[in-house]
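Next up, structure_18.csv (CSV, C-alpha atoms and all ligand atoms):
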chain,number,residue,atom,x,y,z
V,10,MET,CA,21.2,3.7,8.9
V,11,GLU,CA,22.8,1.2,11.3
V,12,ILE,CA,20.4,-0.6,13.8
V,13,SER,CA,22.1,-1.2,17.1
V,14,VAL,CA,21.0,-4.2,19.2
V,15,HIS,CA,21.0,-4.4,23.0
V,16,LEU,CA,19.8,-7.8,24.0
V,17,LEU,CA,17.8,-8.6,27.1
V,18,ASP,CA,19.8,-10.6,29.6
V,19,PRO,CA,19.1,-14.3,28.8
V,20,SER,CA,18.2,-14.9,32.5
V,21,LYS,CA,15.4,-12.3,32.1
V,22,ARG,CA,13.9,-13.7,28.9
V,23,HIS,CA,10.2,-14.3,29.2
V,24,LYS,CA,8.6,-17.7,28.9
V,25,LYS,CA,6.8,-18.3,25.6
V,26,PRO,CA,3.2,-19.0,26.1
V,27,GLY,CA,2.7,-22.7,26.3
V,28,ASP,CA,-0.9,-22.7,24.9
V,29,GLU,CA,-0.7,-21.0,21.6
V,30,LYS,CA,-4.4,-21.8,20.8
V,31,HIS,CA,-5.9,-19.7,23.7
V,32,LEU,CA,-3.7,-16.6,23.5
V,33,VAL,CA,-5.8,-13.5,24.2
V,34,PHE,CA,-5.1,-11.1,21.4
V,35,GLY,CA,-2.6,-8.3,22.3
V,36,ARG,CA,-1.7,-9.3,25.8
V,37,VAL,CA,1.6,-11.2,25.4
V,38,PHE,CA,4.7,-9.4,24.0
V,39,SER,CA,8.0,-10.6,22.7
V,40,ASP,CA,11.3,-9.8,24.5
V,41,HIS,CA,12.5,-6.9,22.3
V,42,MET,CA,11.2,-3.8,20.5
V,43,PHE,CA,12.6,-1.5,17.8
V,44,MET,CA,12.9,2.3,18.4
V,45,LEU,CA,13.7,5.2,16.3
V,46,ASP,CA,13.8,9.0,17.2
V,47,PHE,CA,13.0,12.0,15.1
V,48,LYS,CA,14.1,15.5,15.8
V,49,GLU,CA,13.3,18.3,13.3
V,50,GLU,CA,16.8,19.5,12.8
V,51,LYS,CA,18.3,16.0,12.6
V,52,GLY,CA,15.7,13.8,10.9
V,53,TRP,CA,15.3,10.1,11.9
V,54,GLN,CA,18.2,8.8,14.0
V,55,ASN,CA,19.3,6.3,16.7
V,56,ALA,CA,17.7,3.1,15.3
V,57,ARG,CA,17.9,0.5,18.0
V,58,ILE,CA,16.6,-2.8,19.2
V,59,VAL,CA,16.2,-2.9,23.0
V,60,PRO,CA,14.5,-5.1,25.6
V,61,TYR,CA,10.7,-4.6,25.6
V,62,GLY,CA,9.6,-2.3,28.4
V,63,PRO,CA,7.9,1.0,29.4
V,64,LEU,CA,8.6,4.2,27.5
V,65,ALA,CA,9.8,7.3,29.3
V,66,LEU,CA,7.5,10.1,28.1
V,67,ASP,CA,7.3,13.7,29.3
V,68,PRO,CA,3.8,14.2,30.6
V,69,ALA,CA,3.6,17.1,28.1
V,70,ALA,CA,4.4,14.8,25.2
V,71,MET,CA,2.0,16.0,22.5
V,72,VAL,CA,0.5,12.6,21.7
V,73,LEU,CA,-0.9,12.4,25.2
V,74,HIS,CA,-2.8,15.7,24.7
V,75,TYR,CA,-3.7,16.1,21.0
V,76,GLY,CA,-3.6,12.5,19.8
V,77,GLN,CA,-0.9,12.8,17.1
V,78,GLY,CA,-0.3,9.1,16.8
V,79,ILE,CA,-0.6,6.5,14.1
V,80,PHE,CA,0.0,2.8,13.8
V,81,GLU,CA,0.0,-0.3,11.6
V,82,GLY,CA,-0.9,-3.9,12.1
V,83,LEU,CA,0.5,-6.9,10.2
V,84,LYS,CA,1.5,-10.5,10.9
V,85,ALA,CA,4.5,-12.9,10.5
V,86,TYR,CA,3.6,-16.4,9.6
V,87,ARG,CA,5.7,-19.5,10.3
V,88,TRP,CA,5.6,-22.0,7.4
V,89,PRO,CA,5.8,-25.7,8.1
V,90,ASN,CA,9.5,-25.6,6.9
V,91,GLY,CA,10.4,-23.2,9.6
V,92,GLU,CA,10.7,-20.1,7.4
V,93,ILE,CA,9.0,-16.8,8.4
V,94,TRP,CA,7.0,-14.8,5.9
V,95,LEU,CA,5.1,-11.5,5.8
V,96,PHE,CA,2.0,-10.8,3.8
V,97,ARG,CA,2.3,-7.7,1.5
V,98,PRO,CA,4.3,-5.7,4.2
V,99,GLU,CA,5.2,-2.9,1.8
V,100,GLN,CA,1.5,-2.0,1.8
V,101,ASN,CA,1.6,-1.4,5.5
V,102,CYS,CA,4.9,0.7,5.2
V,103,GLU,CA,3.4,2.9,2.5
V,104,ARG,CA,0.1,3.2,4.4
V,105,LEU,CA,2.0,4.3,7.6
V,106,ASN,CA,3.5,7.1,5.5
V,107,ARG,CA,0.1,8.1,4.1
V,108,SER,CA,-1.2,8.2,7.7
V,109,ALA,CA,1.9,10.3,8.7
V,110,ARG,CA,1.2,12.8,5.9
V,111,LYS,CA,-2.4,13.2,7.0
V,112,LEU,CA,-1.4,13.7,10.7
V,113,CYS,CA,1.5,16.1,9.8
V,114,MET,CA,4.1,13.6,10.9
V,115,PRO,CA,7.4,12.7,9.3
V,116,GLU,CA,7.6,9.7,6.8
V,117,ILE,CA,10.0,6.8,7.1
V,118,ASP,CA,11.6,5.2,4.1
V,119,PRO,CA,9.4,2.1,3.5
V,120,ALA,CA,12.5,-0.1,2.8
V,121,PHE,CA,13.9,1.0,6.2
V,122,GLN,CA,10.6,0.2,8.0
V,123,LEU,CA,10.8,-3.3,6.5
V,124,ARG,CA,14.5,-3.7,7.5
V,125,ALA,CA,13.6,-2.7,11.0
V,126,ILE,CA,10.8,-5.4,11.1
V,127,GLU,CA,13.2,-8.0,9.7
V,128,LYS,CA,16.0,-7.2,12.2
V,129,LEU,CA,13.5,-7.2,15.1
V,130,LEU,CA,12.1,-10.6,14.0
V,131,ALA,CA,15.6,-12.0,13.6
V,132,VAL,CA,16.2,-11.2,17.3
V,133,ASP,CA,12.8,-12.5,18.4
V,134,LYS,CA,12.3,-15.3,15.8
V,135,ASP,CA,11.6,-17.8,18.5
V,136,TRP,CA,8.4,-15.8,19.3
V,137,VAL,CA,6.8,-16.6,16.0
V,138,PRO,CA,4.4,-19.4,17.0
V,139,HIS,CA,4.5,-22.9,15.4
V,140,SER,CA,0.9,-24.0,15.7
V,141,VAL,CA,-1.2,-23.9,12.6
V,142,GLY,CA,-3.1,-20.6,12.2
V,143,SER,CA,-1.2,-18.7,14.9
V,144,SER,CA,1.2,-15.9,14.0
V,145,LEU,CA,3.3,-13.1,15.4
V,146,TYR,CA,1.4,-9.8,15.4
V,147,ILE,CA,3.5,-6.8,14.5
V,148,ARG,CA,2.5,-3.3,15.7
V,149,PRO,CA,4.6,-0.4,14.2
V,150,THR,CA,3.6,2.9,15.9
V,151,MET,CA,4.5,6.5,15.6
V,152,ILE,CA,3.8,9.1,18.3
V,153,ALA,CA,4.5,12.8,18.9
V,154,VAL,CA,6.8,13.1,21.9
V,155,GLU,CA,7.8,16.7,22.0
V,156,PRO,CA,6.9,18.2,25.4
V,157,HIS,CA,4.7,21.2,24.3
V,158,LEU,CA,1.1,22.2,25.0
V,159,GLY,CA,0.7,24.6,22.1
V,160,VAL,CA,-1.4,23.1,19.3
V,161,ARG,CA,0.7,22.5,16.2
V,162,PRO,CA,2.4,19.5,14.7
V,163,ALA,CA,5.2,18.3,17.0
V,164,GLY,CA,8.9,18.6,16.2
V,165,GLU,CA,9.9,15.3,17.9
V,166,TYR,CA,8.6,11.8,17.3
V,167,LEU,CA,9.2,8.3,18.4
V,168,TYR,CA,8.6,5.3,16.0
V,169,PHE,CA,8.6,1.9,17.7
V,170,ILE,CA,7.7,-1.6,16.8
V,171,ILE,CA,6.4,-4.2,19.3
V,172,THR,CA,5.4,-7.7,18.5
V,173,GLY,CA,3.5,-10.5,20.2
V,174,PRO,CA,2.2,-14.0,19.4
V,175,VAL,CA,-1.5,-14.3,18.6
V,176,ALA,CA,-3.8,-17.4,18.3
V,177,ALA,CA,-5.6,-18.3,15.1
V,178,TYR,CA,-8.6,-16.1,15.1
V,179,TYR,CA,-11.0,-19.0,14.4
V,180,ALA,CA,-9.4,-21.5,16.7
V,181,GLU,CA,-12.9,-22.7,17.6
V,182,GLY,CA,-14.2,-22.5,14.0
V,183,PHE,CA,-16.0,-19.8,12.2
V,184,ASN,CA,-18.5,-17.9,14.2
V,185,PRO,CA,-20.7,-15.5,12.2
V,186,VAL,CA,-21.1,-12.2,14.0
V,187,LYS,CA,-24.1,-10.1,14.7
V,188,ILE,CA,-23.8,-6.5,13.8
V,189,TYR,CA,-25.7,-3.4,14.8
V,190,VAL,CA,-26.3,-0.5,12.4
V,191,SER,CA,-25.5,2.8,14.2
V,192,GLU,CA,-27.5,5.7,13.1
V,193,GLU,CA,-26.8,7.9,16.0
V,194,TYR,CA,-23.0,7.7,16.2
V,195,VAL,CA,-20.4,8.0,13.5
V,196,ARG,CA,-16.8,6.9,13.4
V,197,THR,CA,-15.5,9.5,11.0
V,198,VAL,CA,-16.6,11.8,8.2
V,199,ARG,CA,-15.4,12.6,4.7
V,200,GLY,CA,-12.7,15.2,5.1
V,201,GLY,CA,-11.8,13.8,8.5
V,202,VAL,CA,-9.0,11.3,9.4
V,203,GLY,CA,-11.0,8.1,8.7
V,204,GLU,CA,-8.6,7.0,5.9
V,205,ALA,CA,-5.6,7.3,8.3
V,206,LYS,CA,-4.8,4.5,10.8
V,207,THR,CA,-4.8,7.0,13.7
V,208,MET,CA,-5.7,6.6,17.3
V,209,ALA,CA,-8.6,9.1,17.2
V,210,ASN,CA,-10.7,6.8,15.0
V,211,TYR,CA,-10.5,4.1,17.6
V,212,ALA,CA,-11.3,6.4,20.5
V,213,SER,CA,-14.4,7.7,18.6
V,214,SER,CA,-15.6,4.2,17.9
V,215,LEU,CA,-15.7,3.0,21.5
V,216,TYR,CA,-18.9,4.5,22.8
V,217,ALA,CA,-21.2,3.1,20.0
V,218,ALA,CA,-19.3,-0.3,20.2
V,219,GLU,CA,-20.0,-0.6,23.9
V,220,LEU,CA,-23.7,0.3,23.3
V,221,ALA,CA,-23.9,-2.4,20.6
V,222,LYS,CA,-22.3,-4.9,22.9
V,223,LYS,CA,-24.8,-4.2,25.7
V,224,LYS,CA,-27.5,-4.9,23.2
V,225,GLY,CA,-25.9,-8.3,22.3
V,226,TYR,CA,-24.1,-7.4,19.1
V,227,THR,CA,-20.5,-8.0,18.3
V,228,GLN,CA,-19.8,-5.0,16.2
V,229,VAL,CA,-21.1,-1.7,14.8
V,230,LEU,CA,-21.9,-1.1,11.2
V,231,TRP,CA,-20.9,2.4,10.5
V,232,LEU,CA,-22.8,4.7,8.2
V,233,ASP,CA,-21.3,7.7,6.5
V,234,GLY,CA,-21.0,10.7,8.8
V,235,VAL,CA,-22.8,13.2,6.6
V,236,GLU,CA,-26.1,11.6,5.4
V,237,ARG,CA,-25.9,8.6,7.8
V,238,ARG,CA,-27.1,6.5,4.9
V,239,TYR,CA,-24.2,4.9,3.1
V,240,VAL,CA,-22.2,2.0,4.6
V,241,ASP,CA,-18.6,2.8,5.5
V,242,GLU,CA,-17.1,0.0,7.5
V,243,VAL,CA,-17.9,-2.6,10.2
V,244,GLY,CA,-16.1,-2.4,13.6
V,245,THR,CA,-12.5,-1.8,12.6
V,246,SER,CA,-12.7,-3.7,9.4
V,247,ASN,CA,-13.7,-3.1,5.8
V,248,ILE,CA,-17.0,-4.6,4.6
V,249,PHE,CA,-18.3,-6.6,1.6
V,250,PHE,CA,-21.7,-7.4,0.3
V,251,ARG,CA,-22.6,-10.2,-2.1
V,252,ILE,CA,-25.8,-9.3,-3.8
V,253,GLY,CA,-26.7,-11.9,-6.4
V,254,ASP,CA,-23.3,-12.8,-7.9
V,255,GLU,CA,-21.8,-9.4,-7.5
V,256,LEU,CA,-19.3,-8.4,-4.8
V,257,ILE,CA,-19.8,-4.9,-3.6
V,258,THR,CA,-17.6,-2.8,-1.3
V,259,PRO,CA,-17.8,1.0,-0.5
V,260,PRO,CA,-15.3,3.1,-2.4
V,261,LEU,CA,-12.3,4.7,-0.6
V,262,GLY,CA,-13.6,8.3,-0.3
V,263,GLY,CA,-11.7,9.6,2.7
V,264,SER,CA,-13.7,8.1,5.5
V,265,ILE,CA,-12.7,4.5,4.9
V,266,LEU,CA,-9.4,2.8,5.9
V,267,PRO,CA,-7.8,1.3,2.8
V,268,GLY,CA,-7.3,-2.2,4.1
V,269,VAL,CA,-4.7,-4.5,2.7
V,270,THR,CA,-7.1,-7.4,3.1
V,271,ARG,CA,-9.8,-5.4,1.3
V,272,ASP,CA,-7.5,-5.0,-1.6
V,273,SER,CA,-6.5,-8.6,-1.6
V,274,VAL,CA,-10.1,-9.8,-1.5
V,275,MET,CA,-10.9,-7.6,-4.5
V,276,GLN,CA,-7.9,-8.9,-6.5
V,277,LEU,CA,-8.7,-12.5,-5.7
V,278,ALA,CA,-12.4,-12.2,-6.5
V,279,LYS,CA,-11.7,-10.5,-9.8
V,280,HIS,CA,-9.2,-13.2,-10.6
V,281,TRP,CA,-11.9,-15.8,-10.1
V,282,GLY,CA,-14.1,-14.0,-12.5
V,283,ILE,CA,-16.4,-12.5,-9.9
V,284,GLN,CA,-17.8,-9.0,-10.7
V,285,VAL,CA,-16.4,-6.7,-8.1
V,286,THR,CA,-17.9,-3.2,-7.8
V,287,GLU,CA,-16.7,-0.4,-5.6
V,288,ARG,CA,-19.7,1.8,-5.1
V,289,GLN,CA,-21.7,3.5,-2.4
V,290,ILE,CA,-24.3,1.2,-0.9
V,291,ALA,CA,-27.2,2.7,1.1
V,292,ILE,CA,-28.4,0.9,4.2
V,293,GLU,CA,-31.9,0.8,2.7
V,294,GLU,CA,-30.5,-1.3,-0.2
V,295,VAL,CA,-28.9,-3.6,2.3
V,296,ILE,CA,-32.1,-4.1,4.1
V,297,GLU,CA,-34.3,-4.4,1.0
V,298,THR,CA,-32.0,-7.0,-0.6
V,299,ALA,CA,-31.8,-8.9,2.8
V,300,LYS,CA,-35.6,-9.0,2.7
V,301,SER,CA,-35.8,-10.1,-0.9
V,302,GLY,CA,-33.1,-12.7,-0.5
V,303,ALA,CA,-30.8,-11.1,-3.1
V,304,LEU,CA,-28.3,-10.3,-0.4
V,305,LYS,CA,-26.5,-13.6,0.0
V,306,GLU,CA,-23.5,-12.7,2.2
V,307,ILE,CA,-22.0,-9.9,4.2
V,308,PHE,CA,-18.4,-10.2,5.5
V,309,ALA,CA,-15.7,-8.0,7.0
V,310,SER,CA,-12.0,-8.0,6.1
V,311,GLY,CA,-9.0,-7.2,8.1
V,312,THR,CA,-5.6,-8.5,9.2
V,313,ALA,CA,-6.7,-9.9,12.5
V,314,ALA,CA,-9.5,-12.1,11.4
V,315,VAL,CA,-8.8,-12.1,7.6
V,316,ILE,CA,-12.5,-12.7,6.8
V,317,SER,CA,-15.3,-12.3,9.4
V,318,PRO,CA,-18.7,-13.5,8.2
V,319,VAL,CA,-21.8,-11.6,9.3
V,320,GLY,CA,-24.8,-13.8,10.3
V,321,GLU,CA,-27.2,-11.1,11.5
V,322,ILE,CA,-27.8,-7.4,11.1
V,323,SER,CA,-29.9,-5.2,13.3
V,324,TYR,CA,-31.4,-2.0,11.8
V,325,ARG,CA,-34.1,0.2,13.5
V,326,GLU,CA,-34.9,-2.5,16.1
V,327,ARG,CA,-35.4,-5.2,13.6
V,328,ASN,CA,-33.1,-8.2,12.9
V,329,TYR,CA,-32.3,-9.7,9.6
V,330,ARG,CA,-30.5,-13.0,9.1
V,331,ILE,CA,-27.8,-13.2,6.5
V,332,SER,CA,-26.7,-16.5,4.8
V,333,ASP,CA,-29.1,-18.2,7.3
V,334,GLY,CA,-26.8,-17.2,10.1
V,335,THR,CA,-24.0,-19.5,8.7
V,336,VAL,CA,-20.8,-18.8,6.8
V,337,GLY,CA,-21.3,-17.7,3.2
V,338,GLU,CA,-19.7,-19.6,0.3
V,339,TRP,CA,-17.5,-16.7,-0.9
V,340,ALA,CA,-16.4,-15.7,2.6
V,341,LEU,CA,-15.2,-19.2,3.2
V,342,LYS,CA,-13.5,-19.5,-0.2
V,343,LEU,CA,-11.7,-16.1,0.3
V,344,TYR,CA,-10.6,-17.0,3.8
V,345,ASP,CA,-9.2,-20.4,2.8
V,346,GLU,CA,-7.3,-18.9,-0.2
V,347,ILE,CA,-5.8,-16.0,1.7
V,348,VAL,CA,-4.8,-18.0,4.8
V,349,GLY,CA,-3.5,-20.7,2.4
V,350,ILE,CA,-1.3,-18.2,0.7
V,351,GLN,CA,-0.1,-16.7,4.0
V,352,TYR,CA,1.0,-20.2,5.3
V,353,GLY,CA,2.6,-21.2,2.0
V,354,GLU,CA,0.0,-23.9,1.3
V,355,ARG,CA,-1.5,-22.3,-1.8
V,356,GLU,CA,0.3,-20.8,-4.8
V,357,ASP,CA,1.1,-17.1,-4.3
V,358,ILE,CA,0.0,-16.1,-7.8
V,359,PHE,CA,0.1,-12.4,-7.0
V,360,GLY,CA,3.6,-12.4,-5.4
V,361,TRP,CA,2.3,-11.1,-2.1
V,362,MET,CA,4.5,-13.0,0.3
V,363,ARG,CA,7.9,-11.8,1.5
V,364,ARG,CA,10.3,-14.2,3.1
V,365,LEU,CA,12.4,-12.8,6.0
V,366,SER,CA,16.0,-13.8,6.2
V,367,VAL,CA,16.1,-14.4,10.0
H,401,LIG,C1,-6.7,-1.6,10.0
H,401,LIG,C2,-8.1,-1.3,9.7
H,401,LIG,C3,-8.8,-2.0,8.7
H,401,LIG,C4,-8.2,-3.3,8.0
H,401,LIG,O1,-7.0,-3.1,7.3
H,401,LIG,P1,-6.1,-4.3,6.9
H,401,LIG,O2,-4.9,-3.7,6.3
H,401,LIG,O3,-6.9,-5.2,6.1
H,401,LIG,O4,-5.7,-5.0,8.2
H,401,LIG,C5,-10.0,-1.6,8.3
H,401,LIG,N1,-10.6,-0.6,9.0
H,401,LIG,C6,-10.0,0.1,9.9
H,401,LIG,C7,-10.7,1.2,10.5
H,401,LIG,C8,-8.7,-0.2,10.3
H,401,LIG,O5,-8.1,0.5,11.3
Would you mind writing the file out in structure tokens?
Amino acid sequence: MEISVHLLDPSKRHKKPGDEKHLVFGRVFSDHMFMLDFKEEKGWQNARIVPYGPLALDPAAMVLHYGQGIFEGLKAYRWPNGEIWLFRPEQNCERLNRSARKLCMPEIDPAFQLRAIEKLLAVDKDWVPHSVGSSLYIRPTMIAVEPHLGVRPAGEYLYFIITGPVAAYYAEGFNPVKIYVSEEYVRTVRGGVGEAKTMANYASSLYAAELAKKKGYTQVLWLDGVERRYVDEVGTSNIFFRIGDELITPPLGGSILPGVTRDSVMQLAKHWGIQVTERQIAIEEVIETAKSGALKEIFASGTAAVISPVGEISYRERNYRISDGTVGEWALKLYDEIVGIQYGEREDIFGWMRRLSV
């Protein structure tokens, strides 16, 4: 499929942010976006790059009523030699299609998704920041746009990609987070849509997240929705526990988002000879091992922060300090390695990086 390009008038181009270090995540967007339409009888068509701007949606567009929408999140990294690279992007393209299947939406050839990203970044390459640790965040999204209020999968969809420069997550250094174990509210349940990157999971996480914030915690630790006992995720990230010299993460059982960072952490740790176990971990075990000292680290993994160390956990009105409230050894080592690979400073032994010809 051809991708047509309609460039923004040069006189209307937006100024790049001068201060890349203090960019607020998700507020500045590049000049162009990619769009692609789906109609049942015609399939995907009309691939185009156009100036960034508001969408024209019918107020009856099904995504606005029944939430049939999915998205992805990945980053483009500028290497010191000026080249632009992506980290395991085919994983995001395949995950978008898994999310699409779960939400009864049409799939898009992963190779074409990647070509769309590459062409968009070729147009907006100057938006990929230069300062160390900053990157261009890429947000592919698919929504149901058919105007119809009957409940069924839509027959028309829009896929679009927007991008925007983001600062290094830890511009001010690592800051271990305080997390709050939610027993009252759940994010998702087995058999639900927790394994899909869909809007509903974010909507359902807001209330508990706000409560936690009011109590002074950065994020919610989510327990499974059935027994409210086994750890699922933290915030919108996957979670890891270091107990003794074993690295433990909950298994993908339908309620957990299969993170690309989660998979990368497991591959790296195994490569280093660390025992990595995917198993259910009950909150009682977390608290018991925190008390005994066997629990040495907790950290979250995700594209935005890569690795986010946990310094404190609150459960049933009691607080437990983890790693003395500082950054754990493995969290730091994993962070340095993954970021080093992303910026071309460390050897890419797994062949994760993809160079864009832009
Ligand atoms: C996106 C996401 C993650 C992290 O996935 P990455 O591919 O590592 O960025 C984890 N949990 C949830 C709920 C997510 O939406």
Inset, instruction - Give as JSON, numbers by chain the residues surrounding ligand LIG 401 (chain H) up to a distance of 9 Å, considering all atoms listed in the file. - result: {"V": [80, 81, 82, 83, 100, 101, 104, 196, 203, 204, 205, 206, 207, 208, 210, 211, 242, 243, 244, 245, 246, 247, 248, 265, 266, 267, 268, 269, 270, 271, 272, 273, 309, 310, 311, 312, 313, 314, 315]}
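The interatomic distance for the pair atom CA of Val202 of chain V and atom CA of Pro98 of chain V works out to 22.2 Å.
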Inset, instruction - Kindly indicate which residue among V:Ile79, V:Val190, V:Ala217, V:Ile358 lies nearest to Ile296 of chain V, using only C-alpha atoms for the distances. - result: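 For Ile296 of chain V, the nearest of the candidates is V:Val190.
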Inset, instruction - For each of V:Glu287, V:Glu127, V:Asp241, V:Asp67, take the minimum atom-to-atom distance to Pro260 of chain V, counting only C-alpha atoms, then give the residue where this is smallest. - result: V:Glu287
Inset, instruction - Name all residues at most 12 Å from Asp18 of chain V (count only C-alpha atoms; drop same-chain ones fewer than 5 positions away) and give them as an NGL selection string. - result: :V and (23 or 40-41 or 59-61)
Return as JSON lines the residues of segment 167-209 of chain V lying at most 9 Å from segment 135-159 of chain V, together with the closest atom-to-atom pair for each and the distance in Å to one decimal, counting all atoms listed in the file, with rows in chain order and ascending residue number.
{"residue": "V:Leu167", "atom": "CA", "partner": "V:Ile152", "partner_atom": "CA", "distance": 5.5}
{"residue": "V:Tyr168", "atom": "CA", "partner": "V:Met151", "partner_atom": "CA", "distance": 4.3}
{"residue": "V:Phe169", "atom": "CA", "partner": "V:Thr150", "partner_atom": "CA", "distance": 5.4}
{"residue": "V:Ile170", "atom": "CA", "partner": "V:Pro149", "partner_atom": "CA", "distance": 4.2}
{"residue": "V:Ile171", "atom": "CA", "partner": "V:Arg148", "partner_atom": "CA", "distance": 5.4}
{"residue": "V:Thr172", "atom": "CA", "partner": "V:Ile147", "partner_atom": "CA", "distance": 4.5}
{"residue": "V:Gly173", "atom": "CA", "partner": "V:Tyr146", "partner_atom": "CA", "distance": 5.3}
{"residue": "V:Pro174", "atom": "CA", "partner": "V:Leu145", "partner_atom": "CA", "distance": 4.2}
{"residue": "V:Val175", "atom": "CA", "partner": "V:Ser144", "partner_atom": "CA", "distance": 5.6}
{"residue": "V:Ala176", "atom": "CA", "partner": "V:Ser143", "partner_atom": "CA", "distance": 4.5}
{"residue": "V:Ala177", "atom": "CA", "partner": "V:Ser143", "partner_atom": "CA", "distance": 4.4}
{"residue": "V:Tyr178", "atom": "CA", "partner": "V:Gly142", "partner_atom": "CA", "distance": 7.7}
{"residue": "V:Tyr179", "atom": "CA", "partner": "V:Gly142", "partner_atom": "CA", "distance": 8.4}
{"residue": "V:Ala180", "atom": "CA", "partner": "V:Gly142", "partner_atom": "CA", "distance": 7.8}
Legend entry - Nearest candidate to Leu129 of chain V (options V:Ser301, V:Asn90, V:Ser366, V:Ser317; using only C-alpha atoms):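 With only C-alpha atoms as the atom set, the closest residue is V:Ser366.
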Legend entry - Long-range neighbours of Tyr344 of chain V as a list in words, 7 Å cut-off, only C-alpha atoms, 3 positions minimum in chain: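 What passes the distance filter is Val315, Ile316, Ala340, Leu341, Ile347 and Val348 of chain V.
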Working from the structure I just supplied, which lacks atoms in segment 86-99 of chain V, can you model N, CA, C and O atoms there and output them as an mmCIF file, keeping the file's coordinate frame?
data_model
loop_
_atom_site.group_PDB
_atom_site.id
_atom_site.type_symbol
_atom_site.label_atom_id
_atom_site.label_comp_id
_atom_site.auth_asym_id
_atom_site.auth_seq_id
_atom_site.Cartn_x
_atom_site.Cartn_y
_atom_site.Cartn_z
ATOM 1 N N TYR V 86 4.119 -15.074 9.607
ATOM 2 C CA TYR V 86 3.600 -16.400 9.600
ATOM 3 C C TYR V 86 4.743 -17.430 9.520
ATOM 4 O O TYR V 86 5.647 -17.267 8.692
ATOM 5 N N ARG V 87 4.699 -18.461 10.350
ATOM 6 C CA ARG V 87 5.700 -19.500 10.300
ATOM 7 C C ARG V 87 5.217 -20.627 9.379
ATOM 8 O O ARG V 87 4.152 -21.191 9.617
ATOM 9 N N TRP V 88 6.003 -20.903 8.349
ATOM 10 C CA TRP V 88 5.600 -22.000 7.400
ATOM 11 C C TRP V 88 6.074 -23.315 8.024
ATOM 12 O O TRP V 88 6.948 -23.356 8.904
ATOM 13 N N PRO V 89 5.494 -24.415 7.515
ATOM 14 C CA PRO V 89 5.800 -25.700 8.100
ATOM 15 C C PRO V 89 7.349 -26.021 7.991
ATOM 16 O O PRO V 89 7.897 -26.728 8.838
ATOM 17 N N ASN V 90 8.055 -25.404 6.991
ATOM 18 C CA ASN V 90 9.500 -25.600 6.900
ATOM 19 C C ASN V 90 10.312 -24.756 7.807
ATOM 20 O O ASN V 90 11.542 -24.731 7.726
ATOM 21 N N GLY V 91 9.636 -23.980 8.658
ATOM 22 C CA GLY V 91 10.400 -23.200 9.600
ATOM 23 C C GLY V 91 10.588 -21.727 9.178
ATOM 24 O O GLY V 91 10.910 -20.867 9.994
ATOM 25 N N GLU V 92 10.450 -21.452 7.885
ATOM 26 C CA GLU V 92 10.700 -20.100 7.400
ATOM 27 C C GLU V 92 9.606 -19.138 7.916
ATOM 28 O O GLU V 92 8.484 -19.541 8.229
ATOM 29 N N ILE V 93 9.977 -17.844 7.971
ATOM 30 C CA ILE V 93 9.000 -16.800 8.400
ATOM 31 C C ILE V 93 8.744 -15.858 7.305
ATOM 32 O O ILE V 93 9.659 -15.346 6.653
ATOM 33 N N TRP V 94 7.442 -15.625 7.084
ATOM 34 C CA TRP V 94 7.000 -14.800 5.900
ATOM 35 C C TRP V 94 6.034 -13.724 6.365
ATOM 36 O O TRP V 94 5.278 -13.881 7.319
ATOM 37 N N LEU V 95 6.068 -12.625 5.602
ATOM 38 C CA LEU V 95 5.100 -11.500 5.800
ATOM 39 C C LEU V 95 4.199 -11.448 4.578
ATOM 40 O O LEU V 95 4.583 -11.838 3.467
ATOM 41 N N PHE V 96 2.998 -10.920 4.808
ATOM 42 C CA PHE V 96 2.000 -10.800 3.800
ATOM 43 C C PHE V 96 1.915 -9.307 3.322
ATOM 44 O O PHE V 96 1.496 -8.463 4.115
ATOM 45 N N ARG V 97 2.373 -8.990 2.134
ATOM 46 C CA ARG V 97 2.300 -7.700 1.500
ATOM 47 C C ARG V 97 2.746 -6.530 2.493
ATOM 48 O O ARG V 97 2.054 -5.510 2.640
ATOM 49 N N PRO V 98 3.892 -6.710 3.161
ATOM 50 C CA PRO V 98 4.300 -5.700 4.200
ATOM 51 C C PRO V 98 4.542 -4.326 3.628
ATOM 52 O O PRO V 98 4.363 -3.332 4.341
ATOM 53 N N GLU V 99 4.942 -4.252 2.354
ATOM 54 C CA GLU V 99 5.200 -2.900 1.800
ATOM 55 C C GLU V 99 3.949 -2.045 1.772
ATOM 56 O O GLU V 99 4.010 -0.825 1.859
#
